[in-house]
Every structure is written in C-alpha cells, then in structure tokens.
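Below: data_1.cif (mmCIF, C-alpha atoms)
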data_upload
#
loop_
_atom_site.group_PDB
_atom_site.id
_atom_site.type_symbol
_atom_site.label_atom_id
_atom_site.label_comp_id
_atom_site.auth_asym_id
_atom_site.auth_seq_id
_atom_site.Cartn_x
_atom_site.Cartn_y
_atom_site.Cartn_z
ATOM 1 C CA MET A 1 -43.198 23.532 -15.914
ATOM 2 C CA LYS A 2 -43.045 21.325 -12.820
ATOM 3 C CA ARG A 3 -40.377 22.081 -10.213
ATOM 4 C CA ARG A 4 -38.825 18.620 -10.666
ATOM 5 C CA THR A 5 -38.429 19.197 -14.424
ATOM 6 C CA LEU A 6 -36.966 22.674 -13.871
ATOM 7 C CA LEU A 7 -34.418 21.288 -11.415
ATOM 8 C CA ARG A 8 -33.411 18.442 -13.764
ATOM 9 C CA ASN A 9 -32.970 20.819 -16.702
ATOM 10 C CA SER A 10 -31.016 23.275 -14.565
ATOM 11 C CA LEU A 11 -28.628 20.585 -13.338
ATOM 12 C CA ALA A 12 -28.077 19.305 -16.867
ATOM 13 C CA ALA A 13 -27.338 22.812 -18.125
ATOM 14 C CA SER A 14 -24.903 23.419 -15.269
ATOM 15 C CA ALA A 15 -23.039 20.197 -16.017
ATOM 16 C CA VAL A 16 -22.676 21.120 -19.672
ATOM 17 C CA ALA A 17 -21.446 24.584 -18.719
ATOM 18 C CA LEU A 18 -18.882 23.194 -16.291
ATOM 19 C CA LEU A 19 -17.513 20.690 -18.772
ATOM 20 C CA GLY A 20 -17.382 23.349 -21.447
ATOM 21 C CA GLY A 21 -15.562 25.623 -19.021
ATOM 22 C CA GLY A 22 -12.688 23.251 -18.483
ATOM 23 C CA MET A 23 -13.869 20.735 -15.876
ATOM 24 C CA ALA A 24 -12.169 17.432 -16.686
ATOM 25 C CA ALA A 25 -14.440 14.585 -17.721
ATOM 26 C CA PRO A 26 -13.830 11.212 -16.044
ATOM 27 C CA ARG A 27 -10.966 9.192 -17.473
ATOM 28 C CA THR A 28 -11.899 6.239 -19.621
ATOM 29 C CA ARG A 29 -10.370 2.806 -19.812
ATOM 30 C CA GLY A 30 -7.155 2.419 -21.725
ATOM 31 C CA ALA A 31 -5.850 5.884 -20.817
ATOM 32 C CA SER A 32 -2.239 6.406 -21.882
ATOM 33 C CA THR A 33 0.489 7.005 -19.305
ATOM 34 C CA ALA A 34 3.014 8.595 -21.694
ATOM 35 C CA PRO A 35 4.651 10.853 -20.927
ATOM 36 C CA LEU A 36 4.636 10.627 -17.131
ATOM 37 C CA ARG A 37 4.807 13.887 -15.220
ATOM 38 C CA GLY A 38 7.516 12.624 -12.860
ATOM 39 C CA ASN A 39 5.843 13.732 -9.616
ATOM 40 C CA ILE A 40 4.783 10.210 -8.575
ATOM 41 C CA ASN A 41 7.247 7.335 -8.233
ATOM 42 C CA HIS A 42 5.118 4.498 -9.586
ATOM 43 C CA SER A 43 5.742 0.915 -8.474
ATOM 44 C CA ILE A 44 4.014 -2.403 -9.175
ATOM 45 C CA VAL A 45 3.330 -4.913 -6.403
ATOM 46 C CA THR A 46 4.114 -8.420 -7.607
ATOM 47 C CA TRP A 47 1.452 -10.716 -6.184
ATOM 48 C CA PRO A 48 -1.811 -9.462 -7.789
ATOM 49 C CA TYR A 49 -0.410 -9.873 -11.283
ATOM 50 C CA MET A 50 1.354 -13.182 -10.590
ATOM 51 C CA TYR A 51 -1.607 -14.883 -8.849
ATOM 52 C CA PHE A 52 -4.582 -13.415 -10.725
ATOM 53 C CA GLY A 53 -5.653 -12.676 -14.284
ATOM 54 C CA GLU A 54 -3.035 -13.762 -16.790
ATOM 55 C CA LYS A 55 -0.678 -14.835 -13.965
ATOM 56 C CA TRP A 56 2.458 -13.131 -15.246
ATOM 57 C CA ASP A 57 5.828 -14.465 -14.246
ATOM 58 C CA LEU A 58 8.302 -12.065 -12.635
ATOM 59 C CA PRO A 59 10.135 -11.098 -15.853
ATOM 60 C CA THR A 60 6.769 -10.184 -17.415
ATOM 61 C CA VAL A 61 5.853 -8.042 -14.403
ATOM 62 C CA CYS A 62 9.238 -6.329 -14.667
ATOM 63 C CA LYS A 63 8.947 -5.759 -18.402
ATOM 64 C CA HIS A 64 5.544 -4.137 -18.072
ATOM 65 C CA ALA A 65 6.706 -2.050 -15.124
ATOM 66 C CA ARG A 66 9.671 -0.752 -17.119
ATOM 67 C CA ASP A 67 7.605 -0.109 -20.246
ATOM 68 C CA LEU A 68 4.963 1.789 -18.244
ATOM 69 C CA GLY A 69 7.578 4.067 -16.729
ATOM 70 C CA CYS A 70 7.524 2.578 -13.220
ATOM 71 C CA LYS A 71 10.629 2.808 -11.067
ATOM 72 C CA SER A 72 10.063 -0.284 -8.961
ATOM 73 C CA VAL A 73 8.606 -3.762 -8.622
ATOM 74 C CA GLU A 74 7.945 -4.416 -4.952
ATOM 75 C CA LEU A 75 7.302 -7.115 -2.386
ATOM 76 C CA ALA A 76 9.955 -9.102 -4.199
ATOM 77 C CA GLY A 77 12.407 -11.061 -2.058
ATOM 78 C CA PRO A 78 16.187 -11.449 -2.291
ATOM 79 C CA ASP A 79 15.930 -14.285 -4.814
ATOM 80 C CA ASP A 80 14.085 -11.913 -7.171
ATOM 81 C CA TRP A 81 16.372 -8.896 -7.034
ATOM 82 C CA ALA A 82 18.696 -10.044 -9.807
ATOM 83 C CA THR A 83 15.722 -10.192 -12.173
ATOM 84 C CA LEU A 84 14.678 -6.667 -11.186
ATOM 85 C CA ALA A 85 18.246 -5.519 -11.808
ATOM 86 C CA GLU A 86 18.079 -6.826 -15.382
ATOM 87 C CA PHE A 87 15.211 -4.419 -16.027
ATOM 88 C CA GLY A 88 16.763 -1.473 -14.194
ATOM 89 C CA LEU A 89 14.138 -1.484 -11.422
ATOM 90 C CA ASP A 90 14.248 -0.816 -7.684
ATOM 91 C CA CYS A 91 12.404 -2.899 -5.092
ATOM 92 C CA ALA A 92 10.602 -0.186 -3.123
ATOM 93 C CA ILE A 93 9.716 -2.481 -0.224
ATOM 94 C CA THR A 94 10.565 -6.111 0.443
ATOM 95 C CA PRO A 95 8.874 -8.828 2.567
ATOM 96 C CA ASN A 96 10.204 -9.369 6.085
ATOM 97 C CA GLY A 97 11.185 -12.981 5.457
ATOM 98 C CA MET A 98 8.503 -14.624 7.622
ATOM 99 C CA PRO A 99 7.167 -17.804 6.011
ATOM 100 C CA GLY A 100 3.558 -18.343 5.000
ATOM 101 C CA GLU A 101 1.211 -15.439 5.684
ATOM 102 C CA PRO A 102 3.611 -12.957 7.315
ATOM 103 C CA TYR A 103 0.899 -10.712 8.771
ATOM 104 C CA LEU A 104 -0.351 -13.488 11.086
ATOM 105 C CA LYS A 105 2.650 -13.582 13.421
ATOM 106 C CA GLY A 106 3.590 -10.025 14.242
ATOM 107 C CA LEU A 107 5.426 -7.796 16.660
ATOM 108 C CA ASN A 108 2.427 -7.565 18.999
ATOM 109 C CA ASN A 109 2.852 -11.156 20.178
ATOM 110 C CA PRO A 110 5.737 -12.140 22.505
ATOM 111 C CA ALA A 111 5.427 -15.710 21.230
ATOM 112 C CA TYR A 112 6.465 -14.636 17.729
ATOM 113 C CA GLN A 113 8.310 -11.335 18.108
ATOM 114 C CA ALA A 114 11.834 -12.751 18.348
ATOM 115 C CA GLU A 115 11.327 -14.756 15.148
ATOM 116 C CA VAL A 116 9.942 -11.707 13.337
ATOM 117 C CA ILE A 117 12.893 -9.564 14.397
ATOM 118 C CA GLU A 118 15.403 -12.205 13.366
ATOM 119 C CA THR A 119 13.930 -12.790 9.915
ATOM 120 C CA THR A 120 13.621 -9.040 9.391
ATOM 121 C CA ARG A 121 17.253 -8.550 10.434
ATOM 122 C CA LYS A 122 18.409 -11.063 7.832
ATOM 123 C CA THR A 123 16.289 -9.374 5.178
ATOM 124 C CA MET A 124 17.703 -5.953 6.086
ATOM 125 C CA GLU A 125 21.256 -7.216 5.778
ATOM 126 C CA ALA A 126 20.466 -8.727 2.391
ATOM 127 C CA ALA A 127 18.814 -5.487 1.271
ATOM 128 C CA ALA A 128 21.827 -3.456 2.364
ATOM 129 C CA ASN A 129 23.962 -5.530 0.001
ATOM 130 C CA ALA A 130 21.454 -5.927 -2.837
ATOM 131 C CA PRO A 131 22.387 -5.321 -6.502
ATOM 132 C CA ILE A 132 19.510 -2.811 -6.665
ATOM 133 C CA LYS A 133 17.980 -0.167 -4.398
ATOM 134 C CA VAL A 134 15.897 -1.854 -1.659
ATOM 135 C CA PRO A 135 15.173 0.980 0.774
ATOM 136 C CA SER A 136 12.583 -0.591 3.071
ATOM 137 C CA VAL A 137 11.122 -3.740 4.606
ATOM 138 C CA ILE A 138 7.521 -4.394 5.616
ATOM 139 C CA ALA A 139 6.311 -4.975 9.181
ATOM 140 C CA PHE A 140 3.000 -6.000 10.754
ATOM 141 C CA THR A 141 1.342 -5.724 14.135
ATOM 142 C CA GLY A 142 0.175 -9.307 13.747
ATOM 143 C CA PHE A 143 -3.146 -10.933 14.595
ATOM 144 C CA LYS A 144 -4.849 -10.481 17.957
ATOM 145 C CA TRP A 145 -4.819 -14.116 19.031
ATOM 146 C CA LYS A 146 -2.197 -15.304 21.514
ATOM 147 C CA ASP A 147 -1.873 -18.460 19.418
ATOM 148 C CA VAL A 148 -2.789 -18.002 15.762
ATOM 149 C CA ASP A 149 -3.388 -21.737 15.430
ATOM 150 C CA ASP A 150 -5.527 -22.076 18.586
ATOM 151 C CA HIS A 151 -7.891 -19.157 19.141
ATOM 152 C CA SER A 152 -9.230 -20.710 22.348
ATOM 153 C CA LYS A 153 -6.129 -19.433 24.165
ATOM 154 C CA GLY A 154 -7.518 -15.927 24.037
ATOM 155 C CA ILE A 155 -6.562 -12.596 22.539
ATOM 156 C CA ILE A 156 -3.903 -9.991 23.206
ATOM 157 C CA ASP A 157 -5.234 -6.835 24.816
ATOM 158 C CA PRO A 158 -4.963 -3.978 22.259
ATOM 159 C CA GLU A 159 -2.955 -1.769 24.627
ATOM 160 C CA GLU A 160 -0.575 -4.624 25.387
ATOM 161 C CA GLY A 161 -0.325 -5.373 21.673
ATOM 162 C CA ALA A 162 0.561 -1.761 20.953
ATOM 163 C CA LYS A 163 3.249 -1.720 23.659
ATOM 164 C CA ASN A 164 4.736 -4.954 22.341
ATOM 165 C CA THR A 165 4.714 -3.626 18.784
ATOM 166 C CA VAL A 166 6.423 -0.397 19.862
ATOM 167 C CA ALA A 167 9.123 -2.357 21.682
ATOM 168 C CA GLY A 168 9.711 -4.570 18.664
ATOM 169 C CA LEU A 169 9.807 -1.652 16.258
ATOM 170 C CA LYS A 170 12.383 0.131 18.399
ATOM 171 C CA LYS A 171 14.633 -2.904 18.035
ATOM 172 C CA LEU A 172 14.021 -2.928 14.279
ATOM 173 C CA ALA A 173 14.703 0.816 14.112
ATOM 174 C CA ALA A 174 18.182 0.232 15.538
ATOM 175 C CA LEU A 175 18.793 -2.498 12.970
ATOM 176 C CA GLY A 176 17.424 -0.223 10.264
ATOM 177 C CA GLU A 177 19.795 2.537 11.264
ATOM 178 C CA LYS A 178 22.704 0.103 11.110
ATOM 179 C CA ASN A 179 21.740 -1.155 7.649
ATOM 180 C CA ASN A 180 20.263 2.088 6.243
ATOM 181 C CA ILE A 181 16.862 0.427 5.766
ATOM 182 C CA ASP A 182 13.430 1.785 6.725
ATOM 183 C CA ILE A 183 10.603 -0.219 8.296
ATOM 184 C CA TYR A 184 7.021 0.400 7.180
ATOM 185 C CA VAL A 185 4.140 -0.968 9.247
ATOM 186 C CA GLU A 186 1.082 -1.941 7.238
ATOM 187 C CA HIS A 187 -2.461 -1.361 8.449
ATOM 188 C CA LEU A 188 -4.878 -4.039 7.152
ATOM 189 C CA ASN A 189 -8.664 -4.182 7.059
ATOM 190 C CA SER A 190 -10.556 -6.748 9.121
ATOM 191 C CA ARG A 191 -13.965 -6.235 7.486
ATOM 192 C CA PHE A 192 -13.605 -8.336 4.324
ATOM 193 C CA GLU A 193 -14.060 -11.963 5.360
ATOM 194 C CA HIS A 194 -13.237 -15.315 3.755
ATOM 195 C CA ASP A 195 -10.692 -13.875 1.309
ATOM 196 C CA ASN A 196 -7.085 -13.455 2.455
ATOM 197 C CA PHE A 197 -6.316 -11.285 -0.554
ATOM 198 C CA ARG A 198 -8.946 -8.670 0.335
ATOM 199 C CA GLY A 199 -9.273 -8.661 4.111
ATOM 200 C CA HIS A 200 -7.824 -10.024 7.351
ATOM 201 C CA PRO A 201 -10.341 -10.507 10.189
ATOM 202 C CA GLY A 202 -8.422 -10.697 13.455
ATOM 203 C CA TYR A 203 -5.586 -8.365 12.450
ATOM 204 C CA GLN A 204 -4.862 -6.204 15.483
ATOM 205 C CA GLY A 205 -3.659 -3.159 13.561
ATOM 206 C CA ASP A 206 -6.950 -2.711 11.712
ATOM 207 C CA ASP A 207 -7.438 0.912 12.829
ATOM 208 C CA ILE A 208 -5.127 3.322 11.020
ATOM 209 C CA ASP A 209 -5.097 5.723 13.988
ATOM 210 C CA TYR A 210 -4.032 2.853 16.269
ATOM 211 C CA CYS A 211 -1.123 2.170 13.931
ATOM 212 C CA ALA A 212 -0.287 5.876 13.667
ATOM 213 C CA ASP A 213 -0.104 6.140 17.459
ATOM 214 C CA ILE A 214 2.323 3.204 17.491
ATOM 215 C CA ILE A 215 4.563 4.959 14.969
ATOM 216 C CA ARG A 216 4.467 8.170 17.025
ATOM 217 C CA GLU A 217 5.426 6.239 20.150
ATOM 218 C CA VAL A 218 8.395 4.592 18.417
ATOM 219 C CA GLY A 219 9.636 8.053 17.492
ATOM 220 C CA SER A 220 12.152 6.985 14.855
ATOM 221 C CA PRO A 221 12.424 8.366 11.305
ATOM 222 C CA ARG A 222 13.250 4.801 10.288
ATOM 223 C CA VAL A 223 9.756 3.562 11.199
ATOM 224 C CA LYS A 224 6.654 4.804 9.373
ATOM 225 C CA LEU A 225 3.282 3.686 8.041
ATOM 226 C CA LEU A 226 2.590 1.739 4.918
ATOM 227 C CA PHE A 227 -0.555 3.733 4.136
ATOM 228 C CA ASP A 228 -2.580 1.325 2.012
ATOM 229 C CA ILE A 229 -5.390 3.424 0.527
ATOM 230 C CA TYR A 230 -7.629 0.390 -0.032
ATOM 231 C CA HIS A 231 -7.376 -0.831 3.569
ATOM 232 C CA VAL A 232 -7.673 2.654 5.075
ATOM 233 C CA GLN A 233 -10.792 3.430 3.042
ATOM 234 C CA VAL A 234 -12.438 0.137 4.009
ATOM 235 C CA MET A 235 -11.783 0.640 7.733
ATOM 236 C CA ASN A 236 -11.582 4.373 8.364
ATOM 237 C CA GLY A 237 -11.985 6.567 5.278
ATOM 238 C CA ASP A 238 -11.292 10.317 5.417
ATOM 239 C CA LEU A 239 -8.251 9.662 3.265
ATOM 240 C CA VAL A 240 -7.184 13.164 2.276
ATOM 241 C CA ALA A 241 -7.649 14.532 5.789
ATOM 242 C CA ARG A 242 -5.559 11.711 7.235
ATOM 243 C CA ILE A 243 -2.794 12.230 4.678
ATOM 244 C CA ARG A 244 -2.665 15.887 5.664
ATOM 245 C CA GLU A 245 -2.747 15.007 9.359
ATOM 246 C CA TYR A 246 -0.059 12.323 9.235
ATOM 247 C CA GLY A 247 2.189 13.882 6.618
ATOM 248 C CA THR A 248 5.601 12.490 5.810
ATOM 249 C CA ASP A 249 6.469 12.212 9.495
ATOM 250 C CA LEU A 250 4.246 9.127 9.617
ATOM 251 C CA ILE A 251 3.665 8.012 6.012
ATOM 252 C CA GLY A 252 6.537 6.160 4.365
ATOM 253 C CA HIS A 253 4.901 4.154 1.597
ATOM 254 C CA ILE A 254 1.627 4.038 -0.370
ATOM 255 C CA HIS A 255 -0.430 1.218 -1.875
ATOM 256 C CA THR A 256 -3.387 1.687 -4.212
ATOM 257 C CA ALA A 257 -6.455 -0.359 -5.145
ATOM 258 C CA GLY A 258 -10.092 0.313 -5.908
ATOM 259 C CA VAL A 259 -12.843 0.210 -3.301
ATOM 260 C CA PRO A 260 -14.940 -1.877 -3.138
ATOM 261 C CA GLY A 261 -13.314 -5.164 -4.019
ATOM 262 C CA ARG A 262 -9.631 -4.212 -4.371
ATOM 263 C CA ALA A 263 -10.089 -4.006 -8.129
ATOM 264 C CA GLU A 264 -8.986 -1.512 -10.774
ATOM 265 C CA LEU A 265 -8.759 2.244 -10.234
ATOM 266 C CA ASP A 266 -11.545 2.937 -12.733
ATOM 267 C CA ASP A 267 -14.865 4.784 -12.548
ATOM 268 C CA SER A 268 -16.595 1.842 -10.843
ATOM 269 C CA GLN A 269 -14.824 2.513 -7.520
ATOM 270 C CA GLU A 270 -15.259 5.214 -4.904
ATOM 271 C CA ASN A 271 -11.801 6.673 -4.250
ATOM 272 C CA ASN A 272 -10.820 9.935 -5.942
ATOM 273 C CA TYR A 273 -7.234 9.006 -6.741
ATOM 274 C CA PRO A 274 -6.171 12.272 -8.407
ATOM 275 C CA ALA A 275 -7.209 14.168 -5.256
ATOM 276 C CA ILE A 276 -5.439 11.620 -3.053
ATOM 277 C CA MET A 277 -2.233 11.896 -5.067
ATOM 278 C CA ARG A 278 -2.385 15.696 -4.982
ATOM 279 C CA ALA A 279 -2.753 15.544 -1.197
ATOM 280 C CA LEU A 280 0.375 13.393 -1.009
ATOM 281 C CA LEU A 281 2.319 15.898 -3.090
ATOM 282 C CA GLU A 282 0.910 18.724 -0.966
ATOM 283 C CA VAL A 283 2.481 17.227 2.198
ATOM 284 C CA GLY A 284 5.790 16.666 0.416
ATOM 285 C CA TYR A 285 5.563 12.914 -0.131
ATOM 286 C CA GLU A 286 8.425 11.687 -2.329
ATOM 287 C CA GLY A 287 8.196 7.927 -1.768
ATOM 288 C CA TYR A 288 6.824 5.204 -3.985
ATOM 289 C CA VAL A 289 3.199 4.554 -4.889
ATOM 290 C CA GLY A 290 2.727 0.802 -5.272
ATOM 291 C CA HIS A 291 -0.208 -0.339 -7.419
ATOM 292 C CA GLU A 292 -1.752 -3.375 -5.702
ATOM 293 C CA PHE A 293 -5.177 -3.913 -7.249
ATOM 294 C CA ILE A 294 -6.462 -7.379 -8.156
ATOM 295 C CA PRO A 295 -7.157 -7.413 -11.913
ATOM 296 C CA THR A 296 -10.663 -8.294 -13.010
ATOM 297 C CA ARG A 297 -9.965 -7.659 -16.702
ATOM 298 C CA ASP A 298 -6.875 -7.119 -18.839
ATOM 299 C CA PRO A 299 -4.164 -6.416 -16.227
ATOM 300 C CA LEU A 300 -1.960 -4.332 -18.497
ATOM 301 C CA GLU A 301 -4.878 -2.098 -19.438
ATOM 302 C CA GLY A 302 -5.738 -1.745 -15.750
ATOM 303 C CA LEU A 303 -2.175 -0.792 -14.865
ATOM 304 C CA ARG A 304 -2.027 1.793 -17.655
ATOM 305 C CA GLU A 305 -5.222 3.296 -16.315
ATOM 306 C CA ALA A 306 -4.051 3.260 -12.684
ATOM 307 C CA ILE A 307 -0.814 5.010 -13.571
ATOM 308 C CA ALA A 308 -2.641 7.592 -15.671
ATOM 309 C CA VAL A 309 -5.173 8.310 -12.923
ATOM 310 C CA CYS A 310 -2.461 8.672 -10.253
ATOM 311 C CA ASP A 311 0.088 10.547 -12.331
ATOM 312 C CA VAL A 312 -0.837 14.067 -11.235
#

Could you write out this structure as structure tokens?
Amino acid sequence: MKRRTLLRNSLAASAVALLGGGMAAPRTRGASTAPLRGNINHSIVTWPYMYFGEKWDLPTVCKHARDLGCKSVELAGPDDWATLAEFGLDCAITPNGMPGEPYLKGLNNPAYQAEVIETTRKTMEAAANAPIKVPSVIAFTGFKWKDVDDHSKGIIDPEEGAKNTVAGLKKLAALGEKNNIDIYVEHLNSRFEHDNFRGHPGYQGDDIDYCADIIREVGSPRVKLLFDIYHVQVMNGDLVARIREYGTDLIGHIHTAGVPGRAELDDSQENNYPAIMRALLEVGYEGYVGHEFIPTRDPLEGLREAIAVCDV
C-alpha cells in the first residue's frame, strides 16, 4: 500500500476513535440553548438585528433576548430603556450620546474631546437614574485625522493620541466614580474597507495592545477594554493568550461575531468560541458577552446557535 494511502487511512481511523472516545463533534445549525449553564451572561447588541436580515424592531429584539435566556439588550440609549424594562432586561452597555458615527470623534482629538466628555457625562447621569441596570458606557479613541471632515489637515501622532485619550479617560473615570458607571473603550479594526459595519479604516485605536496600554496608563478600575473578539481577531489574533494576559484588570466587556465577515458563529468561521469562553471564565470574567454578528440567514436561528456555542 502506498504511503499516502496508509496515512489517509490512519488519520481516518484516528478521527473515528477520537469521536468514539468522547471528542465532541462540531455543533450544527439550530442548536438549542435550553437550559443555559449560567456561566456566561448573554446579551444581544441591537443594531445588527434592527438593520439587517428581518430588521426587527426593539420589542422584537427584547422578546427574543428574553426567550433565549439573555440578561441584556445593549447599545440601547435612554429612550429605549423603558422598553427593555418591560421585558426584564438590563442594558449592559449604552452609547456615549455622540451623534452620527460616534467612533469618528474620539478622546484622542482635542478638537472633539470636550464634546465627547460632555455627552458621555449626560449619558452617565441618565444611566445612574435608569429604570433598569445600565452599568457601563462605551468610549472610543476616535479616528486619526485632526479633522474628520478634511483629511488634508493631517493626522494625530499615535503617541499624542494615546496621551490625549488617557487624559480624557481620567476625566471620565472621575465622572464614572461619581455616577457608579464604568467606561469601556472599544478597539476597532481598520482592515475591512468600504463597509462601516465591518471595519473602520483610520481608527486610531486599531491595535488592541495600543488600547490596552492606554487602559493601563489610566489606572482606574472604572475604565477597561471592550474586547470585541471579531475586531481583535481581524487585527491581532492570539485571542486566548491575550485574554489570559489582560485578564479582568483590563477586560470589562465582550462582543462576539464570526471571522471572516462578522457573520454567524457557525462552522464557516475561524474562531473557536468555546475555547475563548472557557478562557474568559478561567480569568474570572463575570461581565456580559454581547452577540454582535450580522445575520446572513435566519437571525433567530443564528442567535440560538451563538448562545449555544458560547454557553460553556
């Protein structure tokens, strides 16, 4: 028998033996999430399911979140919190109140920082008095251009941008302490072009280690990373190692989505979500895991599958 045939037969036999010995086969579509184990605090991010697929309205998002066993619907603003309350849901993290695309004008830019801090302050005060639990608000480094509408004016030096972001976050940390609200800085990928839902070319905080160093420099338990698994994998990878390195000192919130394409968490994407979730539990993570994939098929089926895959 040829060596190639022997090797193929040996590998096939080994796979059968492993599966027969208890190795879990890949999950299939439509996996059930009941009952949930209770180790992961599942949350649903609003925008993918309101803008794509069946385009659910907010009550529909909330109903599905409740029925799937999620504890939160997130990135919902103050006007939405009463609806979440009707379904008994938290809002794990809320927008910072900046109009338009809030990641464009960030804390790195002196031209916009005062506005960002003011809108975030108002959001914090609203969250502190919300009818539901709203424990955190999102923050961004912002884009690298000195003027986001006129790129000819040049870019902000990365070191200067980091210093500016640290200074702004220290101000937000004081406001967070006053209002009992945390601030989570999101890292975004700059690789995926021509699609604002999947990538953000020009975002200054596009290196997760750059963002982690900013959080370390701020030195406040009120300020941590929004560790978006999709964006981190696209830009940096090494997900489990980074989770272990950063731990809960730096990681405050999690987002999920499949890579490539920010689609479902099924067997067509490259991230090993059970291993990622186990790493989070290993470091003592007790925060929310927000599902933020863009549906390419039935969104409810995709959410069931995402929750099942991540519910370790």

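The set of residues that the PyMOL selection byres ((chain A and resi 81-90) around 8) takes from this file is A:Leu58, A:Pro59, A:Cys62, A:Lys63, A:Arg66, A:Cys70, A:Lys71, A:Ser72, A:Val73, A:Glu74, A:Ala76, A:Gly77, A:Pro78, A:Asp79, A:Asp80, A:Cys91, A:Ala92, A:Ala130, A:Pro131, A:Ile132, A:Lys133, A:Val134.
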
Exercise. Mind listing as number ranges by chain all residues within 12 Å of (-7.2, 9.7, -6.5), counting only C-alpha atoms?
Worked result: A: 26-27, 229-230, 233, 239-240, 255-259, 265-267, 269-281, 289, 305-312

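Remark: for Asp209 in chain A, the closest of the candidate residues A:Lys224, A:Arg262, A:Arg191, A:Arg242 is A:Arg242 (distances computed over only C-alpha atoms).
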
For this session: Give as an NGL selection string the residues that the PyMOL selection byres ((chain A and resi 212) around 10) matches when applied to the coordinates above.
Result: :A and (185 or 187 or 205 or 207-211 or 213-218 or 224-225 or 227 or 246 or 250-251)

Spatial neighbours of Tyr203 in chain A, max dist 8 Å, all atoms listed in the file, sep filter under 2 positions, as a PDB file with C-alpha atoms, in the coordinates of the input:
ATOM      1  CA  TYR A 103       0.899 -10.712   8.771  1.00  0.00           C
ATOM      2  CA  LEU A 104      -0.351 -13.488  11.086  1.00  0.00           C
ATOM      3  CA  THR A 141       1.342  -5.724  14.135  1.00  0.00           C
ATOM      4  CA  GLY A 142       0.175  -9.307  13.747  1.00  0.00           C
ATOM      5  CA  PHE A 143      -3.146 -10.933  14.595  1.00  0.00           C
ATOM      6  CA  LYS A 144      -4.849 -10.481  17.957  1.00  0.00           C
ATOM      7  CA  LEU A 188      -4.878  -4.039   7.152  1.00  0.00           C
ATOM      8  CA  ASN A 189      -8.664  -4.182   7.059  1.00  0.00           C
ATOM      9  CA  SER A 190     -10.556  -6.748   9.121  1.00  0.00           C
ATOM     10  CA  HIS A 200      -7.824 -10.024   7.351  1.00  0.00           C
ATOM     11  CA  PRO A 201     -10.341 -10.507  10.189  1.00  0.00           C
ATOM     12  CA  GLY A 205      -3.659  -3.159  13.561  1.00  0.00           C
ATOM     13  CA  ASP A 206      -6.950  -2.711  11.712  1.00  0.00           C
TER      14      ASP A 206
END

For this session: For the structure provided, state which residues fall under the PyMOL selection byres ((chain A and resi 167) around 12), and present them as number ranges by chain.
Result: A: 107-110, 113-114, 117, 141, 160-166, 168-174, 214-215, 217-220

Exercise. Contacts of Pro102 in chain A at 12 Å or less, counting only C-alpha atoms, minus same-chain residues fewer than 3 places along, as number ranges by chain?
Worked result: A: 75, 94-99, 105-107, 112-113, 115-116, 119-120, 138-143, 148, 186, 196, 200, 203

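For the residues A:Gly154, A:Gly69, A:Pro295, A:Gly100, ranking by smallest atom-to-atom distance to His42 in chain A using all atoms listed in the file places A:Gly69 first.
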
Adding 4 Å on each side of the box along x, y and z that holds all listed atoms of range 139-153 of chain A, could you give its centre and edge lengths in Å to one decimal, as AutoDock Vina command-line options?
--center_x -1.5 --center_y -13.5 --center_z 16.7 --size_x 23.5 --size_y 25.1 --size_z 23.0

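Minimum atom-to-atom distance to Met50 in chain A, evaluated using all atoms listed in the file, belongs to A:Phe293 out of A:Tyr184, A:Tyr285, A:Phe293, A:Trp145.
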
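Separating CA of Ser136 in chain A from CA of His291 in chain A is a distance of 16.5 Å.
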
Could you please fill out range 181-197 of chain A with N, CA and C atoms and send it back as a short mmCIF file (atom, residue, chain, number, x, y, z; two decimals), in the frame of the given file?
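New file out.cif:
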data_model
loop_
_atom_site.label_atom_id
_atom_site.label_comp_id
_atom_site.auth_asym_id
_atom_site.auth_seq_id
_atom_site.Cartn_x
_atom_site.Cartn_y
_atom_site.Cartn_z
N ILE A 181 18.11 0.97 6.29
CA ILE A 181 16.86 0.43 5.77
C ILE A 181 15.71 0.93 6.63
N ASP A 182 14.62 1.34 6.00
CA ASP A 182 13.43 1.78 6.72
C ASP A 182 12.47 0.63 6.96
N ILE A 183 11.60 0.79 7.95
CA ILE A 183 10.60 -0.22 8.30
C ILE A 183 9.23 0.43 8.19
N TYR A 184 8.35 -0.16 7.39
CA TYR A 184 7.02 0.40 7.18
C TYR A 184 5.96 -0.58 7.66
N VAL A 185 5.16 -0.13 8.61
CA VAL A 185 4.14 -0.97 9.25
C VAL A 185 2.83 -0.85 8.47
N GLU A 186 2.31 -1.99 8.03
CA GLU A 186 1.08 -1.94 7.24
C GLU A 186 -0.16 -2.14 8.10
N HIS A 187 -1.11 -1.25 7.89
CA HIS A 187 -2.46 -1.36 8.45
C HIS A 187 -3.28 -2.20 7.48
N LEU A 188 -4.07 -3.17 7.99
CA LEU A 188 -4.88 -4.04 7.15
C LEU A 188 -6.33 -4.00 7.61
N ASN A 189 -7.25 -4.18 6.67
CA ASN A 189 -8.66 -4.18 7.06
C ASN A 189 -9.09 -5.55 7.60
N SER A 190 -10.03 -5.51 8.54
CA SER A 190 -10.56 -6.75 9.12
C SER A 190 -12.02 -6.96 8.76
N ARG A 191 -12.54 -6.16 7.84
CA ARG A 191 -13.96 -6.24 7.49
C ARG A 191 -14.26 -7.30 6.42
N PHE A 192 -13.35 -7.44 5.45
CA PHE A 192 -13.60 -8.34 4.32
C PHE A 192 -13.26 -9.76 4.74
N GLU A 193 -14.26 -10.62 4.85
CA GLU A 193 -14.06 -11.96 5.36
C GLU A 193 -13.93 -13.00 4.25
N HIS A 194 -13.31 -14.12 4.60
CA HIS A 194 -13.24 -15.32 3.76
C HIS A 194 -12.46 -15.07 2.46
N ASP A 195 -11.52 -14.16 2.49
CA ASP A 195 -10.69 -13.88 1.31
C ASP A 195 -9.41 -13.20 1.79
N ASN A 196 -8.33 -13.98 1.91
CA ASN A 196 -7.08 -13.46 2.46
C ASN A 196 -6.42 -12.43 1.56
N PHE A 197 -6.89 -12.29 0.33
CA PHE A 197 -6.32 -11.28 -0.55
C PHE A 197 -7.01 -9.93 -0.40
#
